[in-house]
$ cat entry-v1.pdb   # PDB, C-alpha atoms and all ligand atoms
ATOM      1  CA  MET A   1     286.231 317.703 133.215  1.00  0.00           C
ATOM      2  CA  ALA A   2     283.371 317.942 135.699  1.00  0.00           C
ATOM      3  CA  ARG A   3     284.503 317.799 139.288  1.00  0.00           C
ATOM      4  CA  ARG A   4     281.871 317.393 142.013  1.00  0.00           C
ATOM      5  CA  LYS A   5     281.885 320.353 144.324  1.00  0.00           C
ATOM      6  CA  LEU A   6     282.926 319.823 147.931  1.00  0.00           C
ATOM      7  CA  ILE A   7     281.653 322.104 150.679  1.00  0.00           C
ATOM      8  CA  ALA A   8     283.681 321.394 153.800  1.00  0.00           C
ATOM      9  CA  GLY A   9     283.162 323.062 157.151  1.00  0.00           C
ATOM     10  CA  ASN A  10     285.975 323.627 159.629  1.00  0.00           C
ATOM     11  CA  TRP A  11     284.678 324.162 163.132  1.00  0.00           C
ATOM     12  CA  LYS A  12     288.194 325.018 164.389  1.00  0.00           C
ATOM     13  CA  MET A  13     288.128 325.196 168.231  1.00  0.00           C
ATOM     14  CA  HIS A  14     284.358 325.521 168.449  1.00  0.00           C
ATOM     15  CA  GLY A  15     281.694 323.039 169.390  1.00  0.00           C
ATOM     16  CA  ILE A  16     280.573 320.786 172.221  1.00  0.00           C
ATOM     17  CA  ALA A  17     278.041 317.985 172.325  1.00  0.00           C
ATOM     18  CA  GLY A  18     275.163 320.461 172.583  1.00  0.00           C
ATOM     19  CA  ASP A  19     276.037 321.764 169.104  1.00  0.00           C
ATOM     20  CA  LEU A  20     275.670 318.425 167.306  1.00  0.00           C
ATOM     21  CA  GLY A  21     272.113 319.281 166.277  1.00  0.00           C
ATOM     22  CA  GLU A  22     273.666 321.651 163.730  1.00  0.00           C
ATOM     23  CA  ILE A  23     275.442 318.715 162.103  1.00  0.00           C
ATOM     24  CA  THR A  24     272.263 316.649 162.113  1.00  0.00           C
ATOM     25  CA  ARG A  25     270.464 319.449 160.275  1.00  0.00           C
ATOM     26  CA  ILE A  26     273.342 319.940 157.825  1.00  0.00           C
ATOM     27  CA  SER A  27     273.416 316.192 157.207  1.00  0.00           C
ATOM     28  CA  MET A  28     269.692 316.086 156.484  1.00  0.00           C
ATOM     29  CA  ALA A  29     270.044 318.964 154.020  1.00  0.00           C
ATOM     30  CA  SER A  30     272.962 317.225 152.317  1.00  0.00           C
ATOM     31  CA  GLU A  31     270.759 314.211 151.590  1.00  0.00           C
ATOM     32  CA  THR A  32     268.667 316.399 149.290  1.00  0.00           C
ATOM     33  CA  LEU A  33     271.735 317.636 147.357  1.00  0.00           C
ATOM     34  CA  SER A  34     273.027 314.597 145.530  1.00  0.00           C
ATOM     35  CA  ASP A  35     275.286 316.548 143.140  1.00  0.00           C
ATOM     36  CA  ILE A  36     277.674 317.909 145.766  1.00  0.00           C
ATOM     37  CA  ASP A  37     279.816 316.467 148.556  1.00  0.00           C
ATOM     38  CA  THR A  38     279.659 317.882 152.060  1.00  0.00           C
ATOM     39  CA  ALA A  39     281.771 317.395 155.179  1.00  0.00           C
ATOM     40  CA  ILE A  40     282.258 318.989 158.575  1.00  0.00           C
ATOM     41  CA  CYS A  41     285.654 318.844 160.305  1.00  0.00           C
ATOM     42  CA  VAL A  42     285.021 319.007 164.033  1.00  0.00           C
ATOM     43  CA  PRO A  43     287.274 319.091 167.098  1.00  0.00           C
ATOM     44  CA  ALA A  44     288.668 315.613 167.850  1.00  0.00           C
ATOM     45  CA  THR A  45     286.457 315.371 170.937  1.00  0.00           C
ATOM     46  CA  LEU A  46     283.357 315.452 168.739  1.00  0.00           C
ATOM     47  CA  ILE A  47     284.313 313.129 165.889  1.00  0.00           C
ATOM     48  CA  GLU A  48     282.762 309.990 167.332  1.00  0.00           C
ATOM     49  CA  ARG A  49     279.577 311.645 168.522  1.00  0.00           C
ATOM     50  CA  ALA A  50     279.172 313.652 165.318  1.00  0.00           C
ATOM     51  CA  SER A  51     279.542 310.440 163.286  1.00  0.00           C
ATOM     52  CA  GLU A  52     276.850 308.801 165.405  1.00  0.00           C
ATOM     53  CA  ALA A  53     274.586 311.853 165.225  1.00  0.00           C
ATOM     54  CA  ALA A  54     274.765 311.984 161.423  1.00  0.00           C
ATOM     55  CA  PRO A  55     275.194 308.462 160.017  1.00  0.00           C
ATOM     56  CA  GLY A  56     276.380 308.494 156.419  1.00  0.00           C
ATOM     57  CA  PHE A  57     277.520 312.106 156.623  1.00  0.00           C
ATOM     58  CA  VAL A  58     281.256 312.804 156.278  1.00  0.00           C
ATOM     59  CA  ILE A  59     282.900 313.918 159.506  1.00  0.00           C
ATOM     60  CA  GLY A  60     286.534 314.966 159.513  1.00  0.00           C
ATOM     61  CA  GLY A  61     289.417 315.937 161.754  1.00  0.00           C
ATOM     62  CA  GLN A  62     291.361 319.183 161.623  1.00  0.00           C
ATOM     63  CA  ASP A  63     294.897 317.873 161.986  1.00  0.00           C
ATOM     64  CA  VAL A  64     296.764 314.582 162.252  1.00  0.00           C
ATOM     65  CA  HIS A  65     300.208 313.506 163.424  1.00  0.00           C
ATOM     66  CA  ALA A  66     302.538 312.081 160.805  1.00  0.00           C
ATOM     67  CA  GLU A  67     303.596 309.172 163.018  1.00  0.00           C
ATOM     68  CA  PRO A  68     301.313 306.201 163.664  1.00  0.00           C
ATOM     69  CA  ARG A  69     301.905 306.166 167.445  1.00  0.00           C
ATOM     70  CA  GLY A  70     304.372 307.273 170.084  1.00  0.00           C
ATOM     71  CA  ALA A  71     305.254 309.759 172.765  1.00  0.00           C
ATOM     72  CA  PHE A  72     303.536 312.786 171.193  1.00  0.00           C
ATOM     73  CA  THR A  73     301.464 314.261 173.990  1.00  0.00           C
ATOM     74  CA  GLY A  74     298.255 315.851 172.783  1.00  0.00           C
ATOM     75  CA  SER A  75     298.527 314.535 169.225  1.00  0.00           C
ATOM     76  CA  ILE A  76     296.186 312.242 167.331  1.00  0.00           C
ATOM     77  CA  SER A  77     297.128 309.623 164.740  1.00  0.00           C
ATOM     78  CA  ALA A  78     295.406 308.890 161.458  1.00  0.00           C
ATOM     79  CA  ALA A  79     294.278 305.489 162.754  1.00  0.00           C
ATOM     80  CA  MET A  80     292.727 307.198 165.792  1.00  0.00           C
ATOM     81  CA  LEU A  81     290.774 309.534 163.521  1.00  0.00           C
ATOM     82  CA  VAL A  82     289.498 306.576 161.498  1.00  0.00           C
ATOM     83  CA  ASP A  83     288.684 304.688 164.693  1.00  0.00           C
ATOM     84  CA  ALA A  84     286.591 307.623 165.902  1.00  0.00           C
ATOM     85  CA  GLY A  85     284.639 307.737 162.634  1.00  0.00           C
ATOM     86  CA  ALA A  86     286.452 310.378 160.588  1.00  0.00           C
ATOM     87  CA  GLU A  87     286.593 309.983 156.819  1.00  0.00           C
ATOM     88  CA  THR A  88     288.610 313.070 156.004  1.00  0.00           C
ATOM     89  CA  VAL A  89     291.102 315.449 157.597  1.00  0.00           C
ATOM     90  CA  ILE A  90     292.447 318.951 157.027  1.00  0.00           C
ATOM     91  CA  VAL A  91     296.235 319.342 157.021  1.00  0.00           C
ATOM     92  CA  GLY A  92     298.420 322.410 156.750  1.00  0.00           C
ATOM     93  CA  HIS A  93     295.830 324.985 157.744  1.00  0.00           C
ATOM     94  CA  SER A  94     297.505 328.400 157.967  1.00  0.00           C
ATOM     95  CA  GLU A  95     296.507 328.645 161.630  1.00  0.00           C
ATOM     96  CA  ARG A  96     298.622 325.552 162.325  1.00  0.00           C
ATOM     97  CA  ARG A  97     301.427 326.635 160.026  1.00  0.00           C
ATOM     98  CA  GLU A  98     301.570 329.991 161.855  1.00  0.00           C
ATOM     99  CA  ALA A  99     300.871 328.975 165.450  1.00  0.00           C
ATOM    100  CA  PHE A 100     302.740 325.656 165.451  1.00  0.00           C
ATOM    101  CA  GLY A 101     305.387 326.356 162.847  1.00  0.00           C
ATOM    102  CA  GLU A 102     304.334 323.503 160.589  1.00  0.00           C
ATOM    103  CA  THR A 103     306.519 323.296 157.505  1.00  0.00           C
ATOM    104  CA  ASP A 104     305.558 322.151 154.017  1.00  0.00           C
ATOM    105  CA  ALA A 105     307.493 318.906 154.593  1.00  0.00           C
ATOM    106  CA  GLN A 106     305.614 318.235 157.833  1.00  0.00           C
ATOM    107  CA  VAL A 107     302.310 318.929 156.123  1.00  0.00           C
ATOM    108  CA  ALA A 108     303.235 316.487 153.353  1.00  0.00           C
ATOM    109  CA  ALA A 109     304.127 313.844 155.958  1.00  0.00           C
ATOM    110  CA  LYS A 110     300.803 314.365 157.724  1.00  0.00           C
ATOM    111  CA  ALA A 111     298.952 314.041 154.429  1.00  0.00           C
ATOM    112  CA  ALA A 112     300.848 310.842 153.647  1.00  0.00           C
ATOM    113  CA  ALA A 113     299.914 309.343 157.017  1.00  0.00           C
ATOM    114  CA  ALA A 114     296.262 310.254 156.559  1.00  0.00           C
ATOM    115  CA  LEU A 115     296.098 308.809 153.045  1.00  0.00           C
ATOM    116  CA  ALA A 116     297.804 305.613 154.194  1.00  0.00           C
ATOM    117  CA  ALA A 117     295.048 305.210 156.802  1.00  0.00           C
ATOM    118  CA  GLY A 118     292.383 305.588 154.106  1.00  0.00           C
ATOM    119  CA  LEU A 119     291.327 309.130 154.943  1.00  0.00           C
ATOM    120  CA  ASP A 120     290.567 311.786 152.375  1.00  0.00           C
ATOM    121  CA  VAL A 121     292.797 314.822 152.834  1.00  0.00           C
ATOM    122  CA  ILE A 122     292.327 318.552 152.363  1.00  0.00           C
ATOM    123  CA  VAL A 123     295.751 320.222 152.045  1.00  0.00           C
ATOM    124  CA  CYS A 124     295.656 323.966 152.717  1.00  0.00           C
ATOM    125  CA  CYS A 125     297.791 326.702 151.234  1.00  0.00           C
ATOM    126  CA  GLY A 126     297.617 330.463 151.058  1.00  0.00           C
ATOM    127  CA  GLU A 127     299.591 333.682 151.224  1.00  0.00           C
ATOM    128  CA  SER A 128     299.905 336.426 153.840  1.00  0.00           C
ATOM    129  CA  LEU A 129     298.885 339.984 153.086  1.00  0.00           C
ATOM    130  CA  ASP A 130     302.559 340.998 152.852  1.00  0.00           C
ATOM    131  CA  VAL A 131     303.197 338.391 150.180  1.00  0.00           C
ATOM    132  CA  ARG A 132     300.062 339.423 148.260  1.00  0.00           C
ATOM    133  CA  GLU A 133     300.978 343.113 148.397  1.00  0.00           C
ATOM    134  CA  ALA A 134     304.538 342.371 147.273  1.00  0.00           C
ATOM    135  CA  GLY A 135     303.108 340.709 144.180  1.00  0.00           C
ATOM    136  CA  ASN A 136     304.458 337.275 145.083  1.00  0.00           C
ATOM    137  CA  ALA A 137     301.225 335.420 145.848  1.00  0.00           C
ATOM    138  CA  LEU A 138     301.135 333.137 142.806  1.00  0.00           C
ATOM    139  CA  GLU A 139     304.746 332.043 143.056  1.00  0.00           C
ATOM    140  CA  THR A 140     304.647 331.585 146.839  1.00  0.00           C
ATOM    141  CA  VAL A 141     301.430 329.592 147.001  1.00  0.00           C
ATOM    142  CA  GLY A 142     302.314 327.516 143.945  1.00  0.00           C
ATOM    143  CA  LYS A 143     305.576 326.428 145.540  1.00  0.00           C
ATOM    144  CA  GLN A 144     303.883 325.902 148.906  1.00  0.00           C
ATOM    145  CA  ILE A 145     301.254 323.506 147.599  1.00  0.00           C
ATOM    146  CA  VAL A 146     303.661 321.432 145.509  1.00  0.00           C
ATOM    147  CA  ALA A 147     305.992 321.098 148.521  1.00  0.00           C
ATOM    148  CA  SER A 148     303.061 320.155 150.788  1.00  0.00           C
ATOM    149  CA  LEU A 149     301.925 317.169 148.737  1.00  0.00           C
ATOM    150  CA  PRO A 150     302.848 313.630 149.751  1.00  0.00           C
ATOM    151  CA  GLY A 151     304.609 311.259 147.367  1.00  0.00           C
ATOM    152  CA  GLU A 152     301.832 308.751 146.752  1.00  0.00           C
ATOM    153  CA  ILE A 153     298.326 310.111 146.275  1.00  0.00           C
ATOM    154  CA  PRO A 154     295.554 307.613 145.536  1.00  0.00           C
ATOM    155  CA  GLU A 155     293.093 308.806 142.887  1.00  0.00           C
ATOM    156  CA  GLY A 156     290.412 311.160 144.160  1.00  0.00           C
ATOM    157  CA  LYS A 157     291.596 311.195 147.774  1.00  0.00           C
ATOM    158  CA  LEU A 158     293.194 314.633 147.963  1.00  0.00           C
ATOM    159  CA  SER A 159     291.766 318.133 147.663  1.00  0.00           C
ATOM    160  CA  VAL A 160     293.574 321.447 147.868  1.00  0.00           C
ATOM    161  CA  ALA A 161     292.171 324.450 149.735  1.00  0.00           C
ATOM    162  CA  TYR A 162     293.431 327.881 148.741  1.00  0.00           C
ATOM    163  CA  GLU A 163     292.918 330.200 151.691  1.00  0.00           C
ATOM    164  CA  PRO A 164     294.472 333.664 151.530  1.00  0.00           C
ATOM    165  CA  ILE A 165     295.426 334.279 155.159  1.00  0.00           C
ATOM    166  CA  TRP A 166     294.218 337.874 155.008  1.00  0.00           C
ATOM    167  CA  ALA A 167     290.713 336.661 154.104  1.00  0.00           C
ATOM    168  CA  ILE A 168     290.325 334.141 156.930  1.00  0.00           C
ATOM    169  CA  GLY A 169     287.827 335.253 159.542  1.00  0.00           C
ATOM    170  CA  THR A 170     288.193 338.876 158.467  1.00  0.00           C
ATOM    171  CA  GLY A 171     285.088 339.330 156.341  1.00  0.00           C
ATOM    172  CA  LYS A 172     287.431 340.215 153.442  1.00  0.00           C
ATOM    173  CA  VAL A 173     287.013 337.945 150.449  1.00  0.00           C
ATOM    174  CA  ALA A 174     289.507 337.665 147.628  1.00  0.00           C
ATOM    175  CA  GLY A 175     288.115 339.207 144.455  1.00  0.00           C
ATOM    176  CA  PRO A 176     286.862 336.994 141.624  1.00  0.00           C
ATOM    177  CA  ASP A 177     289.900 337.750 139.475  1.00  0.00           C
ATOM    178  CA  GLU A 178     292.283 336.960 142.338  1.00  0.00           C
ATOM    179  CA  ILE A 179     290.525 333.670 143.043  1.00  0.00           C
ATOM    180  CA  ARG A 180     290.300 332.634 139.392  1.00  0.00           C
ATOM    181  CA  GLU A 181     293.930 333.543 138.739  1.00  0.00           C
ATOM    182  CA  MET A 182     295.233 331.663 141.790  1.00  0.00           C
ATOM    183  CA  HIS A 183     293.119 328.552 141.207  1.00  0.00           C
ATOM    184  CA  ALA A 184     294.176 328.388 137.559  1.00  0.00           C
ATOM    185  CA  HIS A 185     297.802 328.840 138.606  1.00  0.00           C
ATOM    186  CA  LEU A 186     297.547 326.095 141.226  1.00  0.00           C
ATOM    187  CA  ARG A 187     296.024 323.703 138.724  1.00  0.00           C
ATOM    188  CA  GLY A 188     298.862 324.487 136.365  1.00  0.00           C
ATOM    189  CA  GLU A 189     301.459 323.863 139.068  1.00  0.00           C
ATOM    190  CA  LEU A 190     299.763 320.591 140.058  1.00  0.00           C
ATOM    191  CA  GLY A 191     299.888 319.593 136.409  1.00  0.00           C
ATOM    192  CA  LYS A 192     303.586 320.377 136.100  1.00  0.00           C
ATOM    193  CA  ALA A 193     304.396 318.537 139.318  1.00  0.00           C
ATOM    194  CA  ARG A 194     302.046 315.548 139.100  1.00  0.00           C
ATOM    195  CA  GLY A 195     300.656 315.421 135.578  1.00  0.00           C
ATOM    196  CA  GLU A 196     297.529 316.616 133.823  1.00  0.00           C
ATOM    197  CA  THR A 197     295.300 313.802 135.013  1.00  0.00           C
ATOM    198  CA  PHE A 198     296.076 314.497 138.647  1.00  0.00           C
ATOM    199  CA  ALA A 199     295.625 318.236 138.155  1.00  0.00           C
ATOM    200  CA  ASN A 200     292.288 317.782 136.442  1.00  0.00           C
ATOM    201  CA  GLU A 201     290.847 315.426 139.021  1.00  0.00           C
ATOM    202  CA  THR A 202     292.001 317.404 142.095  1.00  0.00           C
ATOM    203  CA  LYS A 203     289.420 319.648 143.663  1.00  0.00           C
ATOM    204  CA  ILE A 204     290.687 323.142 144.484  1.00  0.00           C
ATOM    205  CA  LEU A 205     288.540 324.722 147.189  1.00  0.00           C
ATOM    206  CA  TYR A 206     288.468 328.380 148.147  1.00  0.00           C
ATOM    207  CA  GLY A 207     288.452 329.420 151.803  1.00  0.00           C
ATOM    208  CA  GLY A 208     288.267 332.796 153.507  1.00  0.00           C
ATOM    209  CA  SER A 209     285.068 334.467 154.722  1.00  0.00           C
ATOM    210  CA  VAL A 210     282.774 332.362 152.531  1.00  0.00           C
ATOM    211  CA  LYS A 211     279.145 332.963 153.491  1.00  0.00           C
ATOM    212  CA  GLY A 212     275.715 332.349 152.035  1.00  0.00           C
ATOM    213  CA  GLU A 213     275.695 335.858 150.605  1.00  0.00           C
ATOM    214  CA  ASN A 214     278.922 335.525 148.583  1.00  0.00           C
ATOM    215  CA  ALA A 215     279.057 331.762 147.939  1.00  0.00           C
ATOM    216  CA  GLY A 216     277.179 331.919 144.637  1.00  0.00           C
ATOM    217  CA  ASP A 217     279.703 334.407 143.228  1.00  0.00           C
ATOM    218  CA  ILE A 218     282.711 332.349 144.323  1.00  0.00           C
ATOM    219  CA  LEU A 219     281.687 328.764 143.788  1.00  0.00           C
ATOM    220  CA  HIS A 220     280.991 328.982 140.082  1.00  0.00           C
ATOM    221  CA  LEU A 221     284.247 330.661 139.089  1.00  0.00           C
ATOM    222  CA  ASP A 222     286.520 328.644 136.795  1.00  0.00           C
ATOM    223  CA  HIS A 223     288.690 326.169 138.706  1.00  0.00           C
ATOM    224  CA  VAL A 224     286.752 326.618 141.972  1.00  0.00           C
ATOM    225  CA  ASP A 225     285.543 323.208 143.066  1.00  0.00           C
ATOM    226  CA  GLY A 226     284.099 324.041 146.438  1.00  0.00           C
ATOM    227  CA  ALA A 227     284.795 325.846 149.671  1.00  0.00           C
ATOM    228  CA  LEU A 228     286.449 325.356 153.031  1.00  0.00           C
ATOM    229  CA  VAL A 229     284.236 327.298 155.408  1.00  0.00           C
ATOM    230  CA  GLY A 230     285.116 328.383 158.934  1.00  0.00           C
ATOM    231  CA  GLY A 231     282.750 330.681 160.819  1.00  0.00           C
ATOM    232  CA  ALA A 232     279.741 330.091 158.585  1.00  0.00           C
ATOM    233  CA  SER A 233     279.961 326.318 159.087  1.00  0.00           C
ATOM    234  CA  LEU A 234     279.056 326.557 162.765  1.00  0.00           C
ATOM    235  CA  THR A 235     275.321 326.703 162.223  1.00  0.00           C
ATOM    236  CA  ALA A 236     273.052 324.956 159.769  1.00  0.00           C
ATOM    237  CA  ASP A 237     271.310 328.254 159.061  1.00  0.00           C
ATOM    238  CA  GLN A 238     274.545 329.724 157.713  1.00  0.00           C
ATOM    239  CA  PHE A 239     276.041 326.588 156.138  1.00  0.00           C
ATOM    240  CA  ILE A 240     273.064 325.227 154.211  1.00  0.00           C
ATOM    241  CA  PRO A 241     272.793 328.317 151.953  1.00  0.00           C
ATOM    242  CA  ILE A 242     276.441 327.745 150.936  1.00  0.00           C
ATOM    243  CA  MET A 243     275.626 324.124 150.108  1.00  0.00           C
ATOM    244  CA  ASN A 244     272.625 325.289 148.100  1.00  0.00           C
ATOM    245  CA  ALA A 245     274.762 327.808 146.207  1.00  0.00           C
ATOM    246  CA  ALA A 246     277.197 325.037 145.265  1.00  0.00           C
ATOM    247  CA  ALA A 247     274.392 322.812 144.015  1.00  0.00           C
ATOM    248  CA  ARG A 248     272.920 325.447 141.704  1.00  0.00           C
TER     249      ARG A 248
HETATM  250  O1  LIG B 301     289.179 326.670 157.373  1.00  0.00           O
HETATM  251  C1  LIG B 301     288.496 327.644 157.101  1.00  0.00           C
HETATM  252  C2  LIG B 301     289.075 328.916 156.814  1.00  0.00           C
HETATM  253  O2  LIG B 301     290.118 329.232 157.672  1.00  0.00           O
HETATM  254  C3  LIG B 301     288.110 330.040 156.581  1.00  0.00           C
HETATM  255  O3  LIG B 301     287.582 330.543 157.778  1.00  0.00           O
HETATM  256  P1  LIG B 301     286.431 331.660 157.709  1.00  0.00           P
HETATM  257  O4  LIG B 301     285.375 331.097 156.810  1.00  0.00           O
HETATM  258  O5  LIG B 301     285.963 331.818 159.115  1.00  0.00           O
HETATM  259  O6  LIG B 301     287.060 332.882 157.129  1.00  0.00           O
END
$ encode --input "entry-v1.pdb" --output "structure tokens" --more "lines below"
Ligand SMILES: O=C[C@H](O)COP(=O)(O)O
Amino acid sequence: MARRKLIAGNWKMHGIAGDLGEITRISMASETLSDIDTAICVPATLIERASEAAPGFVIGGQDVHAEPRGAFTGSISAAMLVDAGAETVIVGHSERREAFGETDAQVAAKAAAALAAGLDVIVCCGESLDVREAGNALETVGKQIVASLPGEIPEGKLSVAYEPIWAIGTGKVAGPDEIREMHAHLRGELGKARGETFANETKILYGGSVKGENAGDILHLDHVDGALVGGASLTADQFIPIMNAAAR
């Protein structure tokens, strides 16, 4: 089954209004690449202005609270993201799992809230170096992703991002065999948990030091349906070559 590739940028805690020109340029490039989907997940402060700067281009958030409203200082609800112009959101990034202690169940609840508000969702998973070196990566990440999925998932609204923690922002990229093996395993686990149709329609993105120079080698591996890009999504000059590699 042919799945459209998705190249999603994650600006993490980078970007102010003066950087929106990068999104305008990325958006213009995306209009010439009709066979792939593209999105940039910006800090919450930029969602509205990024949406206005790049009409028709998908802007996303980087986290969402599971509750619709309440006394949760500093948090943002799914409806707030939609109100600001977001169409997608990342949940369960390893930086949030590690720094904020987010559990699989909390990630699943966040994903459920986002889907209920009509957002697309990118659910992240990935193993630490210790887990990889102990030979437990497949089992650990397989269990993690299944436990991080919400109950109801409308067709085509959810993607998975496999991001080995040891490859994030380090310049180290998982090898082609490691990526292929993990993505195939995750698709198998999704199939066992949610059925073949769901597994076949769900995009599985790779994340971890993806750049223009290595994107072509990663993006056309079996079961790789796109990328979640951190550092190289911050400028159009670095991000557009990754988009081009996906479209080839
Ligand atoms: O969300 C993106 C990932 O954490 C990858 O980040 P990176 O491309 O800077 O390694």
$ residues_near_ligand --input "entry-v1.pdb" --ligand "ligand LIG 301 (chain B)" --cutoff "8 Å" --atoms "only C-alpha atoms and all ligand atoms" --output "list in words"
Gly9, Asn10, Trp11, Lys12, His93, Ser94, Glu95, Glu163, Ile165, Ala167, Ile168, Gly169, Thr170, Gly171, Gly207, Gly208, Ser209, Val210, Lys211, Leu228, Val229, Gly230, Gly231, Ala232 and Ser233 of chain A
$ write_last_selection --input "entry-v1.pdb" --atoms "C-alpha atoms" --output "mmCIF file, in the frame of the given file"
data_model
loop_
_atom_site.group_PDB
_atom_site.id
_atom_site.type_symbol
_atom_site.label_atom_id
_atom_site.label_comp_id
_atom_site.auth_asym_id
_atom_site.auth_seq_id
_atom_site.Cartn_x
_atom_site.Cartn_y
_atom_site.Cartn_z
ATOM 1 C CA GLY A 9 283.162 323.062 157.151
ATOM 2 C CA ASN A 10 285.975 323.627 159.629
ATOM 3 C CA TRP A 11 284.678 324.162 163.132
ATOM 4 C CA LYS A 12 288.194 325.018 164.389
ATOM 5 C CA HIS A 93 295.830 324.985 157.744
ATOM 6 C CA SER A 94 297.505 328.400 157.967
ATOM 7 C CA GLU A 95 296.507 328.645 161.630
ATOM 8 C CA GLU A 163 292.918 330.200 151.691
ATOM 9 C CA ILE A 165 295.426 334.279 155.159
ATOM 10 C CA ALA A 167 290.713 336.661 154.104
ATOM 11 C CA ILE A 168 290.325 334.141 156.930
ATOM 12 C CA GLY A 169 287.827 335.253 159.542
ATOM 13 C CA THR A 170 288.193 338.876 158.467
ATOM 14 C CA GLY A 171 285.088 339.330 156.341
ATOM 15 C CA GLY A 207 288.452 329.420 151.803
ATOM 16 C CA GLY A 208 288.267 332.796 153.507
ATOM 17 C CA SER A 209 285.068 334.467 154.722
ATOM 18 C CA VAL A 210 282.774 332.362 152.531
ATOM 19 C CA LYS A 211 279.145 332.963 153.491
ATOM 20 C CA LEU A 228 286.449 325.356 153.031
ATOM 21 C CA VAL A 229 284.236 327.298 155.408
ATOM 22 C CA GLY A 230 285.116 328.383 158.934
ATOM 23 C CA GLY A 231 282.750 330.681 160.819
ATOM 24 C CA ALA A 232 279.741 330.091 158.585
ATOM 25 C CA SER A 233 279.961 326.318 159.087
#
$ atom_distance --input "entry-v1.pdb" --atom1 "atom CA of A:Ala109" --atom2 "atom CA of A:Ala227"
23.6 Å
$ resolve_selection --input "entry-v1.pdb" --expression "the PyMOL selection byres (((chain A and resi 87) around 8) and not hetatm)" --output "VMD selection string"
chain A and resid 58 to 60 81 to 82 85 to 86 88 to 89 118 to 120
$ closest_residue --input "entry-v1.pdb" --among "A:Gly175, A:Ile122, A:Leu138, A:Phe239" --to "A:Pro150" --atoms "only C-alpha atoms"
A:Ile122
$ residues_around --input "entry-v1.pdb" --residues "A:Thr24" --least-positions-apart "2" --cutoff "12 Å" --atoms "only C-alpha atoms" --output "PDB file with C-alpha atoms, in the coordinates of the input"
ATOM      1  CA  ALA A  17     278.041 317.985 172.325  1.00  0.00           C
ATOM      2  CA  GLY A  18     275.163 320.461 172.583  1.00  0.00           C
ATOM      3  CA  ASP A  19     276.037 321.764 169.104  1.00  0.00           C
ATOM      4  CA  LEU A  20     275.670 318.425 167.306  1.00  0.00           C
ATOM      5  CA  GLY A  21     272.113 319.281 166.277  1.00  0.00           C
ATOM      6  CA  GLU A  22     273.666 321.651 163.730  1.00  0.00           C
ATOM      7  CA  ILE A  26     273.342 319.940 157.825  1.00  0.00           C
ATOM      8  CA  SER A  27     273.416 316.192 157.207  1.00  0.00           C
ATOM      9  CA  MET A  28     269.692 316.086 156.484  1.00  0.00           C
ATOM     10  CA  ALA A  29     270.044 318.964 154.020  1.00  0.00           C
ATOM     11  CA  SER A  30     272.962 317.225 152.317  1.00  0.00           C
ATOM     12  CA  GLU A  31     270.759 314.211 151.590  1.00  0.00           C
ATOM     13  CA  ALA A  39     281.771 317.395 155.179  1.00  0.00           C
ATOM     14  CA  ILE A  40     282.258 318.989 158.575  1.00  0.00           C
ATOM     15  CA  ARG A  49     279.577 311.645 168.522  1.00  0.00           C
ATOM     16  CA  ALA A  50     279.172 313.652 165.318  1.00  0.00           C
ATOM     17  CA  SER A  51     279.542 310.440 163.286  1.00  0.00           C
ATOM     18  CA  GLU A  52     276.850 308.801 165.405  1.00  0.00           C
ATOM     19  CA  ALA A  53     274.586 311.853 165.225  1.00  0.00           C
ATOM     20  CA  ALA A  54     274.765 311.984 161.423  1.00  0.00           C
ATOM     21  CA  PRO A  55     275.194 308.462 160.017  1.00  0.00           C
ATOM     22  CA  GLY A  56     276.380 308.494 156.419  1.00  0.00           C
ATOM     23  CA  PHE A  57     277.520 312.106 156.623  1.00  0.00           C
ATOM     24  CA  VAL A  58     281.256 312.804 156.278  1.00  0.00           C
ATOM     25  CA  ILE A  59     282.900 313.918 159.506  1.00  0.00           C
ATOM     26  CA  THR A 235     275.321 326.703 162.223  1.00  0.00           C
ATOM     27  CA  ALA A 236     273.052 324.956 159.769  1.00  0.00           C
ATOM     28  CA  ILE A 240     273.064 325.227 154.211  1.00  0.00           C
TER      29      ILE A 240
END
$ closest_atom_pairs --input "entry-v1.pdb" --of "stretch 179-210 of chain A" --to "stretch 139-142 of chain A" --cutoff "9 Å" --atoms "all atoms listed in the file" --output "tab-separated table"
residue	atom	partner	partner_atom	distance
A:Met182	CA	A:Val141	CA	8.4
A:His185	CA	A:Gly142	CA	7.1
A:Leu186	CA	A:Gly142	CA	5.7
A:Gly188	CA	A:Gly142	CA	8.9
A:Glu189	CA	A:Gly142	CA	6.2
A:Leu190	CA	A:Gly142	CA	8.3
$ closest_residue --input "entry-v1.pdb" --among "A:Asp130, A:Asp177, A:Asp35, A:Asp217" --to "A:Leu6" --atoms "only C-alpha atoms"
A:Asp35
$ closest_residue --input "entry-v1.pdb" --among "A:Ile218, A:Ile36, A:Ala245, A:Cys125" --to "A:Glu98" --atoms "only C-alpha atoms"
A:Cys125
$ closest_residue --input "entry-v1.pdb" --among "A:Ile23, A:Ala117, A:Val160, A:Leu219" --to "A:Lys203" --atoms "all atoms listed in the file"
A:Val160
$ resolve_selection --input "entry-v1.pdb" --expression "the PyMOL selection byres (((chain A and resi 5) around 12) and not hetatm)" --output "JSON, numbers by chain"
{"A": [2, 3, 4, 6, 7, 8, 33, 34, 35, 36, 37, 38, 39, 159, 201, 202, 203, 204, 205, 206, 219, 220, 221, 223, 224, 225, 226, 227, 228, 242, 243, 244, 245, 246, 247, 248]}
